[in-house]
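See structure below.
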There are 2 protein chains.
Amino acid sequence: MTARPTMRHVAEAAGVSLMTVSRVVNGEPGVAPETAARVERAIRRLGYQRNDMARHLRRKDQGTQTIGLLVDDLANPFFSALARAVEDEARLRKYVVLIGSSNDNLRREREVVSAFCARRVDGLIVVPVNGNHRYLRAQLMAGTKVVCVDRPAGNLEVDTVVVDNRNGAHQAVAHLLSRGHRRIGYLGDHRNIWTLQERYAGFCAALGELGLEPDPVLVKHGMRTGADAARAAADLMRSGNPPTAIFTTNDLITIGAIQGLGEDAGKVAIVGFDDFALAERVNPPVTVVAQDPVALGATAAQLLFARITGDTSPPREVVLRTRLIVRGSGELAPLQPA
Amino acid sequence: MTARPTMRHVAEAAGVSLMTVSRVVNGEPGVAPETAARVERAIRRLGYQRNDMARHLRRKDQGTQTIGLLVDDLANPFFSALARAVEDEARLRKYVVLIGSSNDNLRREREVVSAFCARRVDGLIVVPVNGNHRYLRAQLMAGTKVVCVDRPAGNLEVDTVVVDNRNGAHQAVAHLLSRGHRRIGYLGDHRNIWTLQERYAGFCAALGELGLEPDPVLVKHGMRTGADAARAAADLMRSGNPPTAIFTTNDLITIGAIQGLGEDAGKVAIVGFDDFALAERVNPPVTVVAQDPVALGATAAQLLFARITGDTSPPREVVLRTRLIVRGSGELAPLQPA
DNA sequence: TTGAAAGCGCTAACAG
DNA sequence: CTGTTAGCGCTTTCAA
């Protein structure tokens with residue numbers, strides 16, 4: 001546990017000035033090859049590695065080559081795929097990524113984002129929790145670039161990358177309606193999440209076009225986990241007048257619902273938002289409205305790095321398209337309850 | 001895009017010395033409430049936030065409150081669940097997490113780890129790629145704590161958290177053998193990955209106990225993606241003398257194999273390493289040897305933080321248990337090829 | 001080609 | 001209770 005060597009130690013060991021070491025470490029020209037070699041040797045012998053904290057403190061122009069990424073839940077495959085895409089974009093530019101999960105909690109989001117900003121990240125990619133994001137204003141004014149992904153942030157004009165949630169949901173529900181379904185259940189996460197507001201709105205709009213209204217008995221909000229969805233789905237089917245179809249509004253909920261349905265899975269049509277592994281191997285295969293988390297993450301990162309490298313154009317909103325993938329579960333005919 | 005305010009600016013604005021601001025910012029005692037209030041106001045007005053880079057530069061004892069986490073592939077649900085567990089442990093201690101994926105590439109691992117160390121992380125949790133990890137020695141000597149998870153690192157004596165891969169694989173294959181299977185296929189990732197060496201060893205050991213040897217025709221190594229596994233599984237079944245059972249050695253491969261098998265999925269018994277979402281809803285439901293990524297991540301993080309807070313006991317190896325979950329696919333009887 | 005001095009933003013260690 | 005001084009490890013600026 002020796003103390004970490006500094007440039008000063010290297011300089012002494014090589015018999016040169018600290019400044020010469022700095023030049024060698026940073027590959028700057030104007031050092032005699034002979035001298036450079038001596039310094040290199042000292043570096044290797046002492047196991048010296050540059051301290052980028054100190055470096056970035058002095059070099060105000062260059063930033064910290066670090067970005068922060070805040071998702072809802074890193075354990076959700078949707079967000080981890082998004083995160084991996086961000087990481088790859090960062091790596092191309094020799095940036096590293098600080099990561100955090102808000103868990104749909106504004107306080108936690110704020111704490112994590114603050115911790116990132118205290119470390120002077122050059123930019124922030126945020127999946128914003130519902131609520132007011134003014135607290136980011138100070139960071140924006142101080143020069144930290146911010147991009148929102150998956151959802152826009154309330155009260156904040158920054159680049160945003162989302163998918164056409166409302167259309168996607170509309171398409172899913174219209175698909176069910178076109179097959180003759182009229183009693184369509186809705187299983188969703190908290191209504192305070194923007195994407196779910198949009199998806200619910202799409203659900204209602206599709207029904208409305210046929211003069212229908214959502215049946216409150218068939219609509220369940222606030223499901224955070226697959227287990228929640230499993231229970232809710234089972235409850236729906238056990239009720240007196242069960243739905244003939246269900247719209248499940250994210251991957252976790254779709255998967256949970258299928259688990260909860262058990263043997264009933266073949267008795268109710270399902271269309272889910274988000275594609276997921278093995279969707280085509282379940283019985284029946286699951287029809288979904290797919291979005292592309294990799295494209296979301298990559299696009300957000302590209303926008304962020306454009307800002308970091310000086311883009312000052314007005315904030316943009318990029319809307320990526322969703323895609324209906326027909327596999328079977330959404331094409332089941334309405335089944336009369338036994 | 002105003003320049004970021006510093007303590008000096010706050011001090012001027014509040015008409016006090018820089019040191020007083022420091023005390024207020026850090027909640028240190030010995031500031032008159034009246035003065036503190038004035039400083040607080042200036043802080044808020046200027047939008048000041050402490051620069052932790054500068055702070056940690058001066059406070060040598062305290063570290064940077066940052067750890068680095070390097071996994072194989074963050075997009076793999078196994079690693080993202082592990083990562084989330086690490087993040088949660090870090091958060092409890094007010095640490096932030098730098099994250100990276102090695103993609104099973106030693107050079108990439110080294111580059112990312114170097115970038116983390118240049119930012120002076122207090123500790124590192126690494127899923128080590130196969131190869132020599134001496135390069136970490138210098139960091140260890142400089143005081144950076146290291147914990148390996150999922151796999152041990154060659155030539156490095158550090159805390160390590162793994163599962164009993166060999167036993168798990170043995171159990172999986174013995175299960176198939178006990179059902180009468182004798183032609184058992186093996187689908188695995190690169191053999192240079194430690195976990196896969198172990199799992200392959202368990203596969204061979206189980207066969208060996210019945211005097212059998214792996215049939216080279218039925219053994220496929222080097223599958224990195226689900227698509228690779230899908231192709232390999234389909235090839236196996238199309239061959240002249242197909243296996244009656246397959247041991248798939250991680251989640252991605254199991255899922256890929258099931259996709260690739262398509263309608264053949266019911267014709268060949270499968271036991272997979274790693275549990276995964278919807279395993280019980282596939283037809284037939286998939287028997288697996290499950291490991292717990294959350295426990296792996298949480299345990300690794302706990303060991304790391306123990307080291308960071310001064311634990312100097314000899315390096316430990318923690319081996320977590322795997323668990324056979326019987327669901328159906330592993331219990332299919334051997335089927336004679338048509 | 002090399003080095004000395006100053007200072008990035010902050011805190012430790014002392015004064016008053 | 002408040003302020004001054006020095007210095008963390010590095011880069012910038014200027015001088016030799």
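By order in the structure tokens, chains are A, B, ...; within a chain, residues start at 1; ligands start at 1, following the order shown.
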
As an MDAnalysis selection string, please: the residues near Gly154 (chain B) (cut-off 10 Å, only C-alpha atoms (C1' of nucleotides), same-chain neighbours under 2 positions excluded).
chainID B and resid 128:134 151:152 156:157 194

What are the residues of chain B that have an atom within 8 Å of an atom of chain C, counting only C-alpha atoms (C1' of nucleotides), as a list in words?
Thr6, Met7, Asn51, Ala54, Arg55, Leu57, Arg58 and Arg59 of chain B

Can you spit out the residues from that selection as a PDB file, in the first residue's frame, using N, CA and C atoms?
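And here's result-v3.pdb as it stands now:
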```
ATOM      1  N   THR B   6     -17.595  29.519  -8.025  1.00  0.00           N
ATOM      2  CA  THR B   6     -16.744  28.781  -7.091  1.00  0.00           C
ATOM      3  C   THR B   6     -16.988  29.325  -5.682  1.00  0.00           C
ATOM      4  N   MET B   7     -16.343  28.704  -4.729  1.00  0.00           N
ATOM      5  CA  MET B   7     -16.488  29.182  -3.353  1.00  0.00           C
ATOM      6  C   MET B   7     -16.061  30.643  -3.230  1.00  0.00           C
ATOM      7  N   ASN B  51     -17.407  21.473  -6.003  1.00  0.00           N
ATOM      8  CA  ASN B  51     -16.657  20.693  -6.987  1.00  0.00           C
ATOM      9  C   ASN B  51     -15.924  19.565  -6.268  1.00  0.00           C
ATOM     10  N   ALA B  54     -12.113  18.809  -7.068  1.00  0.00           N
ATOM     11  CA  ALA B  54     -11.155  19.615  -6.311  1.00  0.00           C
ATOM     12  C   ALA B  54     -11.112  19.160  -4.854  1.00  0.00           C
ATOM     13  N   ARG B  55     -12.277  18.890  -4.320  1.00  0.00           N
ATOM     14  CA  ARG B  55     -12.375  18.467  -2.929  1.00  0.00           C
ATOM     15  C   ARG B  55     -11.543  17.210  -2.682  1.00  0.00           C
ATOM     16  N   LEU B  57      -9.198  16.053  -4.332  1.00  0.00           N
ATOM     17  CA  LEU B  57      -7.780  16.236  -4.596  1.00  0.00           C
ATOM     18  C   LEU B  57      -7.061  16.589  -3.295  1.00  0.00           C
ATOM     19  N   ARG B  58      -7.719  17.400  -2.508  1.00  0.00           N
ATOM     20  CA  ARG B  58      -7.091  17.862  -1.276  1.00  0.00           C
ATOM     21  C   ARG B  58      -7.224  16.848  -0.147  1.00  0.00           C
ATOM     22  N   ARG B  59      -8.408  16.254  -0.025  1.00  0.00           N
ATOM     23  CA  ARG B  59      -8.656  15.316   1.086  1.00  0.00           C
ATOM     24  C   ARG B  59      -8.179  13.932   0.697  1.00  0.00           C
TER      25      ARG B  59
END
```

Where in region 163-206 of chain B does DSSP assign strand (DSSP E or B), given as a list in words?
Val163, Ile184, Gly185, Tyr186 and Leu187 of chain B

Residues as selected, C-alpha atoms, written as a PDB file, in the first residue's frame, can you do that?
```
ATOM      1  CA  VAL B 163     -21.053 -19.699  -8.127  1.00  0.00           C
ATOM      2  CA  ILE B 184     -26.190 -35.022 -24.943  1.00  0.00           C
ATOM      3  CA  GLY B 185     -25.267 -31.906 -26.867  1.00  0.00           C
ATOM      4  CA  TYR B 186     -23.291 -29.015 -25.388  1.00  0.00           C
ATOM      5  CA  LEU B 187     -23.730 -25.394 -26.491  1.00  0.00           C
TER       6      LEU B 187
END
```

Residue contacts of region 22-38 of chain B (8 Å, only C-alpha atoms (C1' of nucleotides)) excluding same-chain residues fewer than 3 positions away, as a list in words:
Met7, Ala14, Leu18, Met19, Arg41, Ala42 and Arg50 of chain B; DC1 of chain D

Could you find all residues in region 53-87 of chain B that DSSP calls helix (DSSP H, G or I) from the backbone, and write them as a PyMOL selection string?
chain B and resi 53-58+77-87

List every residue of chain A that has an atom at most 8 Å from any atom of chain B, and for each one report the closest atom pair and its distance in Å to one decimal, counting only C-alpha atoms, with rows sorted by chain and then by increasing residue number, as a tab-separated table.
```
residue	atom	partner	partner_atom	distance
A:Met1	CA	B:Met141	CA	4.9
A:Thr2	CA	B:Ala142	CA	5.8
A:Ala3	CA	B:Ala142	CA	6.0
A:Arg4	CA	B:Ala142	CA	5.0
A:Gly47	CA	B:Ala138	CA	5.8
A:Gln49	CA	B:Ala118	CA	6.6
A:Arg50	CA	B:Ala118	CA	6.0
A:Asn51	CA	B:Ala118	CA	5.3
A:Asp52	CA	B:Arg119	CA	5.3
A:Met53	CA	B:Met53	CA	5.6
A:Ala54	CA	B:Leu57	CA	6.6
A:Leu57	CA	B:Ala54	CA	6.6
A:Asp73	CA	B:Arg84	CA	7.7
A:Leu74	CA	B:Arg84	CA	5.7
A:Ala75	CA	B:Ala81	CA	4.6
A:Asn76	CA	B:Pro77	CA	7.6
A:Pro77	CA	B:Pro77	CA	5.8
A:Ser80	CA	B:Ala75	CA	5.1
A:Ala81	CA	B:Ala75	CA	4.6
A:Leu82	CA	B:Ala75	CA	7.9
A:Ala83	CA	B:Ala75	CA	7.5
A:Arg84	CA	B:Ala75	CA	5.6
A:Glu87	CA	B:Gly100	CA	6.9
A:Val96	CA	B:Leu98	CA	7.1
A:Val97	CA	B:Leu98	CA	5.6
A:Leu98	CA	B:Leu98	CA	4.3
A:Ile99	CA	B:Val97	CA	5.9
A:Gly100	CA	B:Glu87	CA	6.9
A:Ser101	CA	B:Arg84	CA	7.8
A:Val112	CA	B:Val96	CA	7.8
A:Ala115	CA	B:Val96	CA	7.3
A:Phe116	CA	B:Val96	CA	7.8
A:Ala118	CA	B:Asn51	CA	5.3
A:Arg119	CA	B:Asp52	CA	5.3
A:Arg120	CA	B:Asn51	CA	7.0
A:Ala138	CA	B:Gly47	CA	5.7
A:Leu140	CA	B:Met1	CA	7.5
A:Met141	CA	B:Met1	CA	4.9
A:Ala142	CA	B:Arg4	CA	5.0
A:Gly143	CA	B:Met1	CA	5.4
A:Ile255	CA	B:Leu278	CA	6.7
A:Ile258	CA	B:Arg281	CA	7.6
A:Gln259	CA	B:Arg281	CA	6.8
A:Gly262	CA	B:Arg281	CA	7.8
A:Ala277	CA	B:Ile255	CA	7.4
A:Leu278	CA	B:Ile255	CA	6.7
A:Glu280	CA	B:Gln259	CA	8.0
A:Arg281	CA	B:Val282	CA	5.9
A:Val282	CA	B:Val282	CA	4.7
A:Asn283	CA	B:Val282	CA	6.7
```

Would you mind exporting N, CA and C atoms of the selected residues as a tab-separated table (two decimals), in the first residue's frame?
```tsv
chain	number	residue	atom	x	y	z
A	1	MET	N	0.83	-1.22	0.00
A	1	MET	CA	0.00	0.00	0.00
A	1	MET	C	0.86	1.27	0.00
A	2	THR	N	1.82	1.30	-0.90
A	2	THR	CA	2.65	2.50	-1.05
A	2	THR	C	1.77	3.66	-1.49
A	3	ALA	N	2.18	4.84	-1.13
A	3	ALA	CA	1.44	6.00	-1.61
A	3	ALA	C	1.56	6.06	-3.13
A	4	ARG	N	0.57	6.60	-3.76
A	4	ARG	CA	0.56	6.66	-5.21
A	4	ARG	C	1.61	7.63	-5.71
A	47	GLY	N	5.29	2.70	-11.59
A	47	GLY	CA	3.87	2.39	-11.80
A	47	GLY	C	3.03	3.66	-11.76
A	49	GLN	N	0.56	6.53	-12.84
A	49	GLN	CA	-0.56	6.80	-13.74
A	49	GLN	C	-1.12	8.18	-13.47
A	50	ARG	N	-1.33	8.90	-14.54
A	50	ARG	CA	-1.80	10.28	-14.42
A	50	ARG	C	-3.09	10.38	-13.60
A	51	ASN	N	-3.18	11.39	-12.81
A	51	ASN	CA	-4.40	11.66	-12.03
A	51	ASN	C	-5.29	12.61	-12.81
A	52	ASP	N	-6.35	12.04	-13.40
A	52	ASP	CA	-7.21	12.85	-14.24
A	52	ASP	C	-8.08	13.83	-13.46
A	53	MET	N	-8.26	13.57	-12.17
A	53	MET	CA	-9.01	14.53	-11.35
A	53	MET	C	-8.23	15.85	-11.33
A	54	ALA	N	-6.96	15.72	-11.02
A	54	ALA	CA	-6.12	16.92	-10.93
A	54	ALA	C	-5.99	17.58	-12.31
A	57	LEU	N	-8.95	19.52	-13.28
A	57	LEU	CA	-9.13	20.71	-12.45
A	57	LEU	C	-8.47	21.91	-13.11
A	73	ASP	N	-34.56	1.97	-14.10
A	73	ASP	CA	-34.12	0.75	-13.42
A	73	ASP	C	-33.15	-0.01	-14.31
A	74	LEU	N	-31.91	-0.01	-13.92
A	74	LEU	CA	-30.87	-0.64	-14.74
A	74	LEU	C	-31.12	-2.13	-14.92
A	75	ALA	N	-31.83	-2.74	-14.00
A	75	ALA	CA	-32.07	-4.19	-14.10
A	75	ALA	C	-33.12	-4.53	-15.14
A	76	ASN	N	-33.87	-3.55	-15.58
A	76	ASN	CA	-34.85	-3.77	-16.64
A	76	ASN	C	-34.11	-3.87	-17.98
A	77	PRO	N	-34.31	-4.98	-18.70
A	77	PRO	CA	-33.57	-5.20	-19.94
A	77	PRO	C	-33.71	-4.05	-20.94
A	80	SER	N	-31.21	-1.54	-19.71
A	80	SER	CA	-29.81	-1.97	-19.77
A	80	SER	C	-29.35	-2.02	-21.23
A	81	ALA	N	-30.26	-2.33	-22.14
A	81	ALA	CA	-29.89	-2.28	-23.56
A	81	ALA	C	-29.62	-0.84	-23.97
A	82	LEU	N	-30.45	0.07	-23.48
A	82	LEU	CA	-30.25	1.49	-23.75
A	82	LEU	C	-28.91	1.94	-23.18
A	83	ALA	N	-28.63	1.50	-21.97
A	83	ALA	CA	-27.38	1.90	-21.30
A	83	ALA	C	-26.16	1.40	-22.07
A	84	ARG	N	-26.26	0.18	-22.56
A	84	ARG	CA	-25.13	-0.37	-23.29
A	84	ARG	C	-24.86	0.44	-24.55
A	87	GLU	N	-23.13	3.55	-23.54
A	87	GLU	CA	-21.74	3.24	-23.20
A	87	GLU	C	-20.89	3.10	-24.45
A	96	VAL	N	-16.07	8.06	-20.19
A	96	VAL	CA	-16.59	7.01	-19.31
A	96	VAL	C	-17.97	7.43	-18.81
A	97	VAL	N	-18.70	6.46	-18.29
A	97	VAL	CA	-20.10	6.67	-17.95
A	97	VAL	C	-20.37	6.38	-16.48
A	98	LEU	N	-20.90	7.38	-15.79
A	98	LEU	CA	-21.42	7.16	-14.45
A	98	LEU	C	-22.87	6.74	-14.58
A	99	ILE	N	-23.27	5.71	-13.85
A	99	ILE	CA	-24.62	5.22	-14.06
A	99	ILE	C	-25.42	5.21	-12.76
A	100	GLY	N	-26.73	5.37	-12.89
A	100	GLY	CA	-27.59	5.31	-11.71
A	100	GLY	C	-29.02	4.98	-12.09
A	101	SER	N	-29.77	4.48	-11.13
A	101	SER	CA	-31.19	4.19	-11.32
A	101	SER	C	-32.02	5.09	-10.42
A	112	VAL	N	-28.85	11.46	-7.23
A	112	VAL	CA	-27.85	10.85	-8.10
A	112	VAL	C	-27.32	11.87	-9.10
A	115	ALA	N	-24.93	14.13	-7.45
A	115	ALA	CA	-23.63	13.48	-7.23
A	115	ALA	C	-22.83	13.47	-8.53
A	116	PHE	N	-23.52	13.25	-9.64
A	116	PHE	CA	-22.83	13.26	-10.93
A	116	PHE	C	-22.28	14.66	-11.22
A	118	ALA	N	-21.63	17.03	-9.16
A	118	ALA	CA	-20.55	17.40	-8.23
A	118	ALA	C	-19.22	16.87	-8.76
A	119	ARG	N	-19.29	15.82	-9.53
A	119	ARG	CA	-18.06	15.28	-10.14
A	119	ARG	C	-17.84	15.89	-11.51
A	120	ARG	N	-18.62	16.88	-11.82
A	120	ARG	CA	-18.44	17.68	-13.03
A	120	ARG	C	-18.48	16.88	-14.32
A	138	ALA	N	-29.79	25.01	-13.10
A	138	ALA	CA	-28.50	25.53	-12.65
A	138	ALA	C	-27.36	24.81	-13.36
A	140	LEU	N	-27.52	23.33	-16.27
A	140	LEU	CA	-27.53	23.73	-17.67
A	140	LEU	C	-26.82	25.07	-17.84
A	141	MET	N	-27.12	26.00	-16.94
A	141	MET	CA	-26.51	27.31	-17.02
A	141	MET	C	-25.02	27.23	-16.78
A	142	ALA	N	-24.63	26.28	-15.98
A	142	ALA	CA	-23.21	26.14	-15.69
A	142	ALA	C	-22.49	25.41	-16.82
A	143	GLY	N	-23.26	24.96	-17.81
A	143	GLY	CA	-22.60	24.38	-18.97
A	143	GLY	C	-22.71	22.88	-19.10
A	255	ILE	N	-44.74	-9.69	-19.50
A	255	ILE	CA	-44.20	-10.96	-19.02
A	255	ILE	C	-44.92	-11.38	-17.74
A	258	ILE	N	-48.42	-12.66	-18.46
A	258	ILE	CA	-48.42	-14.01	-19.04
A	258	ILE	C	-48.18	-15.05	-17.96
A	259	GLN	N	-47.26	-14.72	-17.05
A	259	GLN	CA	-47.03	-15.64	-15.94
A	259	GLN	C	-48.29	-15.80	-15.11
A	262	GLY	N	-51.16	-17.93	-16.60
A	262	GLY	CA	-50.99	-19.38	-16.58
A	262	GLY	C	-51.75	-20.02	-17.72
A	277	ALA	N	-37.29	-10.99	-25.14
A	277	ALA	CA	-36.73	-12.28	-25.52
A	277	ALA	C	-37.79	-13.37	-25.41
A	278	LEU	N	-37.82	-14.26	-26.36
A	278	LEU	CA	-38.70	-15.42	-26.34
A	278	LEU	C	-40.17	-15.10	-26.55
A	280	GLU	N	-41.70	-14.92	-29.13
A	280	GLU	CA	-42.27	-15.79	-30.17
A	280	GLU	C	-42.32	-17.24	-29.75
A	281	ARG	N	-41.74	-17.57	-28.61
A	281	ARG	CA	-41.73	-18.97	-28.19
A	281	ARG	C	-42.77	-19.27	-27.12
A	282	VAL	N	-43.39	-18.22	-26.62
A	282	VAL	CA	-44.44	-18.43	-25.63
A	282	VAL	C	-45.66	-18.97	-26.36
A	283	ASN	N	-46.56	-19.58	-25.65
A	283	ASN	CA	-47.75	-20.13	-26.27
A	283	ASN	C	-49.00	-19.38	-25.78
```

Kindly provide the residues of chain D that approach chain A to within 7 Å, each paired with its closest atom pair and their distance in Å to one decimal, based on only C-alpha atoms (C1' of nucleotides), listed by chain and increasing number, as JSON lines.
```
{"residue": "D:DG9", "atom": "C1'", "partner": "A:Ala54", "partner_atom": "CA", "distance": 5.2}
{"residue": "D:DC10", "atom": "C1'", "partner": "A:Arg55", "partner_atom": "CA", "distance": 4.8}
{"residue": "D:DT11", "atom": "C1'", "partner": "A:Arg58", "partner_atom": "CA", "distance": 5.8}
```

Keeping C-alpha atoms (C1' of nucleotides) for every residue in the selection just given, could you write it to a file as a compact mmCIF listing (two decimals), in the first residue's frame?
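Output below, filename selection.txt:
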```
# COMPACT_ATOMS: atom_id res chain seq x y z
C1' DG D 9 -1.41 16.94 -8.68
C1' DC D 10 -1.64 18.83 -12.53
C1' DT D 11 -1.31 22.34 -16.72
```

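Close contacts of His221 (chain B), defined as residues with an atom at most 6 Å away when counting only C-alpha atoms (C1' of nucleotides), with chain neighbours fewer than 5 positions off set aside, comprise Gly188, Asp189 and His190 of chain B.
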